[in-house]
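A short write-up of the structure that comes next.
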Number of protein chains: 2
Amino acid sequence: MCHGVYIMDISDNTIKRICSIFGSLSAMEKRGVEFVSSKELAGYIGSTEYTVRKDISILGVTGYTRRGYEVSGLKKELECKLNLSKKKKACIVGLGRLGTALLDYEKFQEDGFEIVAGFDCSINRIERLNTHIEVFQISYLKDTIQQRSIELGIIAVPAKSAQEVADDLIEAGVKGILNFAPVKIGVPKHIIYLEMDFTNALRFIAARSSL
Amino acid sequence: MCHGVYIMDISDNTIKRICSIFGSLSAMEKRGVEFVSSKELAGYIGSTEYTVRKDISILGVTGYTRRGYEVSGLKKELECKLNLSKKKKACIVGLGRLGTALLDYEKFQEDGFEIVAGFDCSINRIERLNTHIEVFQISYLKDTIQQRSIELGIIAVPAKSAQEVADDLIEAGVKGILNFAPVKIGVPKHIIYLEMDFTNALRFIAARSSL
């Protein structure tokens, strides 16, 4: 039995790092690793030993031994603190190449997320799709999200439609949005929003490597 | 005429934020916006006004007026400081759905990156691909990268092949790697490495929205 923490008080950057730590622990557990030091964890997530220890202690997790953290124990604790033990339902809007790639992205299912629906505006495209996930015409978005209690929306439509899709997702009741469209979307404060900006990632690498 | 800064001294998080600021300025410039306040910029990149001002001043950029920063002037200065004015050549390895989606990702070309080659191990897949970018069988990786002076490698192969592909890219001479494969890759210190971890992004949203 574990007690969650009030994560509203923790900064976005800390939560992001803890999510990375969780991902690393997941991978280690699969490889059968039993113990991990804060130094190794820091190497995995590209941070410092001090920050890793601080992040973990912010969650009220203890249990650092001479052999390091016990991998599956720490993973279980973080899972509980971050409320990740329950499978989360998500949908994908926009079933072009990126959207269909995401539809079958192996890691989502492994890692506690269930893609329960896909949507596209083109009936032709929907009919031609070969996937085991149920796909719908976009006009069924609101009903499907409500009937299936979908909590997360993933946007993979072209930039020009992204805001409209986000508005529809929010109206339908999702709590969080992951946006792959190369455009900034405005959302109300209670919606958790994250962009996957591929260009920005490349830009970072280019700047950092001082090409 | 502008002078670059020695960005090795600046933290990764700062560089990431400055890249986001640059992306926002780019979008504003296209919409014809002339001035922007540090508060607006902070809203765009999800940071604070203070941090935005500090990040920009770290680069030695001045020019905050009563109307805010001049959008295209600031963009031009950041471009120079981050060394982004030269078009960077990149290649994509792995031409499944994600890889082909990236091959035609509209924003890369607009934003100073040129995808000059794609690689896949399957000749069948290469022959069936419909793209204006040149695609090659993976055995041509090293020669093509060297002949075309490709500096950035984008990995979109399955997890199990990602490390091998990264090793080949590094041996061929790329300076930076953007990894879309859902696995941690080890790289030498002089290589700039970034992962696009979709699951981690979803996990952050799930944790933050305390589903």
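Please note that chains go A, B, ... in the order of the structure tokens, that every chain numbers its residues from 1, and that ligands are numbered from 1 in the order shown.
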
What's around stretch 33-47 of chain A at 9 Å? Count only C-alpha atoms, leave out sequence neighbours fewer than 5 positions away in its own chain, and write the answer as a list of chain:residue names.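 These residues fall inside the cut-off: A:Arg17, A:Ser20, A:Ile21, A:Ser24, A:Leu25, A:Ala27, A:Met28, A:Val52, A:Arg53, A:Tyr64, A:Thr65, A:Arg66, A:Arg67, A:Gly68, A:Tyr69, A:Glu70, A:Val71, A:Ser72, B:Lys184.
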
Please identify every residue of chain A that has at least one atom no more than 7 Å from any atom of chain B, counting only C-alpha atoms, and report them as a list in words. Ile15, Lys16, Cys19, Ser20, Gly23, Leu82, Asn83, Leu84, Arg97, Leu98, Ala101, Lys107, Phe108, Lys175, Gly176, Leu178, Pro182, Ile192, Tyr193, Thr199, Asn200, Leu202, Arg203, Phe204, Ile205, Ala207, Arg208, Ser209 and Ser210 of chain A

Which of stretch 3-206 of chain B counts as strand (DSSP E or B) under DSSP, as number ranges by chain please? B: 35-36, 65, 68-70, 88-93, 113-120, 135-137, 152-155, 176-179, 192-195

How would the residues just chosen look if you wrote them out with C-alpha atoms as a CSV table (one decimal), in the first residue's frame?
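Final output, saved to selection.csv:
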chain,number,residue,atom,x,y,z
B,35,PHE,CA,7.0,42.8,-31.2
B,36,VAL,CA,6.7,40.3,-28.4
B,65,THR,CA,12.2,47.9,-25.6
B,68,GLY,CA,9.1,44.1,-26.1
B,69,TYR,CA,11.6,42.3,-28.3
B,70,GLU,CA,11.6,43.0,-32.0
B,88,LYS,CA,22.0,21.4,-41.8
B,89,LYS,CA,22.0,18.2,-43.7
B,90,ALA,CA,20.3,15.2,-42.0
B,91,CYS,CA,19.5,11.6,-43.0
B,92,ILE,CA,16.8,9.2,-41.7
B,93,VAL,CA,17.5,5.6,-41.1
B,113,PHE,CA,17.2,21.3,-42.0
B,114,GLU,CA,17.5,19.4,-45.2
B,115,ILE,CA,16.8,15.7,-45.2
B,116,VAL,CA,19.2,14.6,-48.0
B,117,ALA,CA,18.9,10.8,-47.7
B,118,GLY,CA,16.8,8.0,-46.3
B,119,PHE,CA,18.1,4.4,-45.6
B,120,ASP,CA,16.4,1.1,-45.0
B,135,VAL,CA,16.6,6.6,-50.6
B,136,PHE,CA,19.3,3.9,-50.3
B,137,GLN,CA,19.8,0.5,-49.1
B,152,LEU,CA,22.8,14.7,-38.3
B,153,GLY,CA,21.3,11.2,-38.2
B,154,ILE,CA,17.7,10.5,-37.3
B,155,ILE,CA,17.0,6.9,-36.2
B,176,GLY,CA,24.4,14.4,-33.6
B,177,ILE,CA,21.7,11.8,-33.4
B,178,LEU,CA,18.0,12.1,-32.8
B,179,ASN,CA,16.6,8.8,-31.8
B,192,ILE,CA,25.1,15.1,-29.2
B,193,TYR,CA,22.2,12.7,-28.6
B,194,LEU,CA,18.5,13.3,-28.0
B,195,GLU,CA,15.7,10.8,-27.6

Please, what distance in Å, to one decimal, runs between atom CA of B:Gly94 and atom CA of B:Leu141?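 Interatomic distance here is 11.4 Å.
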
Quick one: pick out all helix (DSSP H, G or I) residues within stretch 31-165 of chain B from a backbone DSSP run and write them as a VMD selection string. chain B and resid 31 38 to 45 49 to 58 71 to 81 97 to 103 106 to 110 123 to 128 138 to 147 159 to 165

Please provide as a PyMOL selection string all residues within 9 Å of A:Ser122, with the sequence filter that same-chain residues fewer than 5 positions apart are discarded (counting only C-alpha atoms). chain A and resi 95+127+137-138

Take the residues just selected and output them with N, CA and C atoms as a PDB file, in the first residue's frame.
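Contents of selection26.pdb, as written:
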ATOM      1  N   LEU A  95      -4.903  10.004 -38.980  1.00  0.00           N
ATOM      2  CA  LEU A  95      -4.323   8.689 -39.254  1.00  0.00           C
ATOM      3  C   LEU A  95      -3.539   8.679 -40.558  1.00  0.00           C
ATOM      4  N   GLU A 127     -11.200   3.188 -44.144  1.00  0.00           N
ATOM      5  CA  GLU A 127     -11.566   1.866 -44.687  1.00  0.00           C
ATOM      6  C   GLU A 127     -10.354   1.083 -45.159  1.00  0.00           C
ATOM      7  N   GLN A 137     -14.672   7.665 -38.130  1.00  0.00           N
ATOM      8  CA  GLN A 137     -14.728   8.960 -38.780  1.00  0.00           C
ATOM      9  C   GLN A 137     -14.769  10.016 -37.668  1.00  0.00           C
ATOM     10  N   ILE A 138     -14.153  11.157 -37.931  1.00  0.00           N
ATOM     11  CA  ILE A 138     -13.951  12.162 -36.870  1.00  0.00           C
ATOM     12  C   ILE A 138     -15.256  12.665 -36.240  1.00  0.00           C
TER      13      ILE A 138
END

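Between atom CA of A:Val61 and atom CA of A:Leu74 lies a distance of 7.9 Å.
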
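Atom CA of B:Ile145 to atom CA of B:Ala172 spans 6.3 Å [interatomic distance, one decimal].
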